[in-house]
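Before any comments, here is the structure.
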Amino acid sequence: MAVTGGTSGLGLALVRQLAEQGASVAFVARTTANVERIADETGAHGIVGDIGNKEDIYPIALQVTASLGGLDVLINNASSLGPVPLALLADTECEELEKALAVNLVGAFRLTKALFGALAASARGSRGALVINISSDAAVNAYPGWGAYGASKAALAHLTAIWDEEAKADGIRLLALDPGDMNTPLHALALPDADPSTLKRPEVAAAEIIEKTLDALPVRSTLLAGAHT
């Protein structure tokens, strides 16, 4: 199993829980020190790379398949807010919109495309293959100030739905999941005055996503079997 944005928030919670439950996990993040720390803590395979950088995608994909010996599940979790502090669209720089799209939409597309062959091979081997793209209620609700993020997540959700239809012949499922408002560094960056006690703990959201992942695979035990995950 591969998780992007795996050193904080939801991604970190997923890496920790999956490793604890016996899954073979590779995770991706941009900061070398953080990747090394989480790899040492969890035993997961840490990969340094930027999902928003086109040149990093194939090296990341090669490291994922090399470290795991294949791939059953990809979770595209890495996200960018775009402008920080959040800004109205009329006040959003083009480059800030491009950044949100580069990570949340194009980066997820590129990595999925680069790993599509490995996922298809897993599906042919009867282990199942699944791509989960982390979405948001900002993809469907028009929140002022969330334009760059919301637009990128809306596009990701629709891309996921289309690709799920197209990939049926290859035995690959694609799902867009909204984990809800969580107490994560990304949320704190967006809304620094929010009360953390009103937000879902990322550990709870991670457990929910893992359960949905298991339900979507042809054999629930595949994910936690420790092979080609």
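Chain labels follow the order of the structure tokens: the first chain is A, the next B, and so on; residue numbering restarts at 1 in every chain, and ligands are counted from 1 in their shown order.
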Report task. Taking the chain letters and numbering used in this document, name the residues of range 69-142 of chain A that DSSP puts in helix (DSSP H, G or I), as a count of residues only. Result -> 36
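Residues of chain A that DSSP places in strand (DSSP E), based on the backbone of this structure, are Ala2, Val3, Thr4, Ala26, Phe27, Val28, Ala29, His45, Gly46, Ile47, Val48, Val73, Leu74, Ile75, Asn76, Ala129, Leu130, Val131, Ile132, Asn133, Ile134, Ile172, Arg173, Leu174, Leu175, Ala176 and Leu177 of chain A.
The gap separating CA of Gly82 in chain A from CA of Lys99 in chain A is 5.9 Å, in Å to one decimal.
If only C-alpha atoms are the atoms counted, then among A:Asp91, A:Ser126, A:Lys168, A:Ala206 the closest residue to Pro144 in chain A is A:Asp91.
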Query raised in the report: What lies within 8 Å of range 160-162 of chain A using only C-alpha atoms, ignoring chain neighbours under 5 positions off, as a list in words?
Result: Asn133, Leu174, Leu175 and Ala176 of chain A
